[in-house]
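Peer 1: One file is attached below, upload.cif, containing mmCIF, C-alpha atoms.
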data_work
loop_
_atom_site.label_atom_id
_atom_site.label_comp_id
_atom_site.auth_asym_id
_atom_site.auth_seq_id
_atom_site.Cartn_x
_atom_site.Cartn_y
_atom_site.Cartn_z
CA MET B 19 47.40 -31.77 81.23
CA THR B 20 45.35 -34.07 79.00
CA ASP B 21 42.19 -35.76 80.14
CA TYR B 22 42.03 -39.31 78.88
CA PRO B 23 38.70 -41.02 78.29
CA THR B 24 37.60 -43.61 80.78
CA ASN B 25 37.26 -47.24 79.72
CA ALA B 26 33.49 -46.81 79.48
CA GLU B 27 33.83 -43.71 77.30
CA ALA B 28 36.31 -45.49 75.05
CA ARG B 29 33.95 -48.49 74.67
CA VAL B 30 31.05 -46.16 73.80
CA ALA B 31 33.20 -44.35 71.22
CA LEU B 32 34.33 -47.63 69.65
CA HIS B 33 30.74 -48.85 69.57
CA GLU B 34 29.70 -45.64 67.75
CA VAL B 35 32.51 -46.11 65.23
CA GLU B 36 31.35 -49.69 64.60
CA ARG B 37 27.72 -48.57 64.16
CA ALA B 38 28.80 -45.88 61.69
CA ARG B 39 30.88 -48.42 59.75
CA GLN B 40 27.89 -50.79 59.64
CA ARG B 41 25.67 -47.98 58.29
CA VAL B 42 28.18 -47.50 55.48
CA ILE B 43 28.29 -51.27 54.82
CA ASP B 44 24.48 -51.26 54.66
CA GLN B 45 24.81 -48.84 51.71
CA ILE B 46 26.65 -51.43 49.62
CA GLY B 47 24.37 -52.42 46.79
CA MET B 48 23.19 -51.71 43.31
CA PRO B 49 20.32 -49.35 42.50
CA ARG B 50 17.01 -51.10 42.02
CA TRP B 51 16.78 -49.70 38.47
CA TYR B 52 19.95 -51.62 37.57
CA TRP B 53 18.35 -55.00 38.29
CA TRP B 54 15.07 -54.08 36.56
CA GLY B 55 16.92 -52.68 33.54
CA LEU B 56 19.17 -55.73 33.30
CA ALA B 57 16.17 -58.07 33.51
CA ALA B 58 14.23 -56.10 30.88
CA CYS B 59 17.18 -56.01 28.48
CA TRP B 60 17.86 -59.73 29.03
CA LEU B 61 14.23 -60.49 28.24
CA ALA B 62 14.29 -58.24 25.16
CA LEU B 63 17.37 -60.06 23.85
CA GLY B 64 15.62 -63.40 24.33
CA VAL B 65 12.53 -62.23 22.46
CA LEU B 66 14.66 -60.77 19.66
CA ASN B 67 16.49 -64.07 19.40
CA ASP B 68 13.18 -65.73 18.61
CA VAL B 69 11.75 -63.18 16.17
CA ALA B 70 14.59 -61.23 14.53
CA SER B 71 17.35 -62.08 12.10
CA ALA B 72 20.72 -63.23 13.35
CA TRP B 73 22.32 -59.92 12.35
CA ILE B 74 19.88 -57.87 14.40
CA VAL B 75 20.37 -60.18 17.39
CA ALA B 76 24.16 -59.95 17.07
CA ILE B 77 24.18 -56.16 16.79
CA THR B 78 21.69 -55.76 19.64
CA THR B 79 23.74 -58.10 21.82
CA LEU B 80 26.89 -56.06 21.15
CA VAL B 81 25.06 -52.81 21.91
CA PHE B 82 23.64 -54.30 25.12
CA GLY B 83 27.10 -55.48 26.13
CA ALA B 84 28.65 -52.08 25.47
CA VAL B 85 25.93 -50.15 27.30
CA HIS B 86 25.96 -52.58 30.22
CA SER B 87 29.73 -52.36 30.41
CA ALA B 88 29.61 -48.56 30.55
CA VAL B 89 26.85 -48.46 33.16
CA SER B 90 28.23 -51.25 35.31
CA GLN B 91 31.72 -49.69 35.44
CA ARG B 92 30.41 -47.33 38.10
CA LEU B 93 28.02 -49.75 39.74
CA LEU B 94 29.62 -53.18 39.58
CA ALA B 95 31.42 -53.04 42.90
CA GLY B 96 28.17 -52.17 44.64
CA ARG B 97 29.85 -49.08 46.04
CA GLN B 98 27.18 -46.53 45.09
CA ARG B 99 23.64 -47.78 45.58
CA THR B 100 22.29 -44.26 46.06
CA GLY B 101 23.55 -40.79 45.22
CA GLU B 102 24.16 -40.13 48.90
CA VAL B 103 27.10 -42.35 49.77
CA LYS B 104 29.91 -43.91 47.80
CA VAL B 105 31.45 -46.73 49.79
CA ARG B 106 35.24 -46.95 49.73
CA ARG B 107 36.67 -49.89 47.82
CA ASP B 108 38.38 -51.33 50.90
CA VAL B 109 35.04 -51.37 52.75
CA ALA B 110 33.09 -52.97 49.89
CA GLY B 111 35.86 -55.50 49.35
CA LYS B 112 37.88 -56.55 46.37
CA ARG B 113 35.67 -59.58 45.84
CA ALA B 114 32.45 -57.57 45.34
CA PRO B 115 32.92 -56.96 41.59
CA LEU B 116 34.00 -60.58 41.11
CA ILE B 117 30.88 -61.86 42.87
CA VAL B 118 28.60 -59.71 40.68
CA PHE B 119 30.54 -60.65 37.53
CA GLY B 120 30.32 -64.35 38.48
CA PHE B 121 26.57 -63.96 38.97
CA LEU B 122 26.24 -62.46 35.48
CA ILE B 123 28.35 -65.23 33.90
CA GLY B 124 26.20 -67.80 35.69
CA LEU B 125 23.07 -66.14 34.31
CA ALA B 126 24.49 -66.33 30.79
CA ALA B 127 25.18 -70.04 31.27
CA VAL B 128 21.64 -70.62 32.55
CA THR B 129 20.25 -68.74 29.55
CA VAL B 130 22.13 -70.92 27.09
CA ALA B 131 21.27 -74.16 28.92
CA ALA B 132 17.59 -73.25 29.32
CA GLY B 133 17.39 -72.13 25.70
CA PHE B 134 18.83 -75.41 24.45
CA ALA B 135 16.53 -77.37 26.78
CA ALA B 136 13.45 -75.48 25.58
CA TYR B 137 14.51 -75.93 21.95
CA ALA B 138 15.12 -79.65 22.46
CA ASP B 139 11.66 -79.91 24.02
CA GLY B 140 10.15 -78.36 20.90
CA ALA B 141 9.16 -75.01 22.41
CA GLY B 142 8.21 -72.40 19.86
CA HIS B 143 10.17 -69.57 21.46
CA PRO B 144 13.11 -71.03 23.39
CA GLY B 145 14.95 -67.70 23.68
CA THR B 146 11.93 -66.02 25.23
CA ILE B 147 11.42 -68.90 27.65
CA ALA B 148 15.08 -68.97 28.69
CA SER B 149 15.36 -65.20 29.07
CA THR B 150 12.13 -65.01 31.08
CA LEU B 151 13.55 -67.56 33.51
CA VAL B 152 16.78 -65.60 33.80
CA ALA B 153 15.00 -62.23 34.12
CA VAL B 154 13.17 -63.61 37.17
CA MET B 155 16.49 -64.91 38.52
CA ILE B 156 17.99 -61.43 38.08
CA LEU B 157 15.16 -59.74 39.96
CA LEU B 158 15.20 -62.28 42.79
CA GLY B 159 18.91 -63.05 42.89
CA GLY B 160 20.48 -59.63 42.34
CA PRO B 161 19.52 -58.23 45.74
CA ARG B 162 20.60 -61.52 47.36
CA VAL B 163 24.02 -61.20 45.74
CA MET B 164 24.31 -57.74 47.28
CA ALA B 165 23.32 -59.20 50.67
CA VAL B 166 26.18 -61.70 50.34
CA ILE B 167 28.58 -58.86 49.56
CA ARG B 168 27.33 -56.86 52.58
CA ALA B 169 27.70 -59.90 54.84
CA ASP B 170 31.25 -60.42 53.56
CA ALA B 171 32.07 -56.77 54.26
CA SER B 172 30.60 -57.07 57.77
CA ARG B 173 32.69 -60.19 58.46
CA ARG B 174 35.85 -58.47 57.27
CA ALA B 175 35.08 -55.38 59.35
CA ALA B 176 34.53 -57.49 62.46
CA ALA B 177 37.83 -59.30 61.88
CA GLN B 178 39.79 -56.04 61.82
#
The structure in this file should be written as structure tokens.
Peer 2:
Amino acid sequence: MTDYPTNAEARVALHEVERARQRVIDQIGMPRWYWWGLAACWLALGVLNDVASAWIVAITTLVFGAVHSAVSQRLLAGRQRTGEVKVRRDVAGKRAPLIVFGFLIGLAAVTVAAGFAAYADGAGHPGTIASTLVAVMILLGGPRVMAVIRADASRRAAAQ
């Protein structure tokens, strides 16, 4: 004979499952070093743009792109913020990498627009000015992007 849980026991068990799922969702994110490293490299590229030859800037940009691509392969979905937990793709959501990628494309557009605006205004170092603006946006906006991804994952989990 099997003892079935009471309604109250079943509700408590389901509540515990939901709390555990939310703890996993709370792990969605990127390591802090990623945002600081991205901001520092972005700033370095802007400074190089102002002081180095076009060849050095082009090569450095390609190296930055290759290194960032390799590093972000593991991190882009926000599935492994720490070494402790790796969030499953279906929990993080298919849109997570697209949201982060869109954020990075937007930052590139802001860099170009701010650089042209600073140059048109006669600034002596438009690349440095533009990249400083974007580095601050990375540091402030990166964690907010992850919060959006976590909120999206929570909404999807609640809808299931």
Peer 1: Could you tell me which residues the PyMOL selection byres ((chain B and resi 133) around 10) grabs in this file, written as an MDAnalysis selection string?
Peer 2: chainID B and resid 64 127:132 134:139 141 143:149 151
Peer 1: Name the residues in contact with B:Gln40 at a cut-off of 12 Å, using all atoms listed in the file, excluding same-chain residues fewer than 5 positions from it; report them as a PyMOL selection string.
Peer 2: chain B and resi 33-35+45-46+105+109-110+168-176
Peer 1: Hey, can you check how far atom CA of B:Ile43 sits from atom CA of B:Ala126?
Peer 2: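 If I compute the distance from atom CA of B:Ile43 to atom CA of B:Ala126, I get 28.6 Å.
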Peer 1: Go through B:Cys59, B:Ala165, B:Val65, B:Met48 one by one, measure the shortest atom-to-atom distance of each to B:Val81 using only C-alpha atoms, and give the residue with the smallest value.
Peer 2: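 Using only C-alpha atoms, the shortest distance to B:Val81 belongs to B:Cys59.
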Peer 1: Atom CA of B:Met155 and atom CA of B:Arg50, how far apart in Å?
Peer 2: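 Here the two named atoms are 14.3 Å from each other.
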Peer 1: For each of B:Ala114, B:Ala28, B:Ile123, B:Leu56, take the minimum atom-to-atom distance to B:Val85, counting only C-alpha atoms, then give the residue where this is smallest.
Peer 2: B:Leu56
Peer 1: Would you kindly return, as a VMD selection string, each protein, DNA or RNA residue with an atom no farther than 10 Å from any atom of B:Thr78, considering all atoms listed in the file and excluding same-chain residues fewer than 3 positions away?
Peer 2: chain B and resid 59 62 to 63 66 to 67 72 to 75 81 to 84
Peer 1: Find the spatial neighbours of B:Trp53, counting only C-alpha atoms, within a cut-off of 10 Å - ignore same-chain residues fewer than 2 positions away - and output them as an NGL selection string.
Peer 2: :B and (48-51 or 55-59 or 153 or 156-161)
Peer 1: Could the residues in this selection be written to a file with C-alpha atoms, as a PDB file, in the coordinates of the input?
Peer 2:
ATOM      1  CA  MET B  48      23.190 -51.710  43.310  1.00  0.00           C
ATOM      2  CA  PRO B  49      20.320 -49.350  42.500  1.00  0.00           C
ATOM      3  CA  ARG B  50      17.010 -51.100  42.020  1.00  0.00           C
ATOM      4  CA  TRP B  51      16.780 -49.700  38.470  1.00  0.00           C
ATOM      5  CA  GLY B  55      16.920 -52.680  33.540  1.00  0.00           C
ATOM      6  CA  LEU B  56      19.170 -55.730  33.300  1.00  0.00           C
ATOM      7  CA  ALA B  57      16.170 -58.070  33.510  1.00  0.00           C
ATOM      8  CA  ALA B  58      14.230 -56.100  30.880  1.00  0.00           C
ATOM      9  CA  CYS B  59      17.180 -56.010  28.480  1.00  0.00           C
ATOM     10  CA  ALA B 153      15.000 -62.230  34.120  1.00  0.00           C
ATOM     11  CA  ILE B 156      17.990 -61.430  38.080  1.00  0.00           C
ATOM     12  CA  LEU B 157      15.160 -59.740  39.960  1.00  0.00           C
ATOM     13  CA  LEU B 158      15.200 -62.280  42.790  1.00  0.00           C
ATOM     14  CA  GLY B 159      18.910 -63.050  42.890  1.00  0.00           C
ATOM     15  CA  GLY B 160      20.480 -59.630  42.340  1.00  0.00           C
ATOM     16  CA  PRO B 161      19.520 -58.230  45.740  1.00  0.00           C
TER      17      PRO B 161
END
Peer 1: Measuring atom to atom with only C-alpha atoms, identify which of B:Asn25, B:Val166, B:Ala70, B:Ser90 is nearest to B:Gly111.
Peer 2: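 Going through B:Asn25, B:Val166, B:Ala70, B:Ser90 one by one, the smallest distance to B:Gly111 is for B:Val166.
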Peer 1: Using atom CA of B:Phe121 and atom CA of B:Arg39 as the two end points, give the distance in Å to one decimal.
Peer 2: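 According to the coordinates, atom CA of B:Phe121 and atom CA of B:Arg39 are separated by 26.3 Å.
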Peer 1: Quick one: of B:Asp44, B:Asp68, B:Thr79, B:Tyr52, who's nearest to B:Gly142, counting only C-alpha atoms?
Peer 2: B:Asp68
Peer 1: Padding of 8 Å on every side, edges along x, y and z, all listed atoms of stretch 44-59 of chain B included: what centre and edge lengths in Å, to one decimal, does that box have, as AutoDock Vina command-line options?
Peer 2:
--center_x 20.4 --center_y -53.5 --center_z 41.6 --size_x 28.4 --size_y 25.2 --size_z 42.2
Peer 1: Rank B:Val89, B:Ile167, B:Leu61, B:Ala76 by their smallest atom-to-atom distance to B:Lys112, using only C-alpha atoms, and report the top residue only.
Peer 2: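 Nearest candidate to B:Lys112 out of B:Val89, B:Ile167, B:Leu61, B:Ala76: B:Ile167.
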Peer 1: Given only C-alpha atoms as the basis, pick out the residue of B:Gln178, B:Ser71, B:Thr150, B:Gln91 nearest to B:Val118.
Peer 2: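 So, comparing all the options, the nearest one is B:Gln91.
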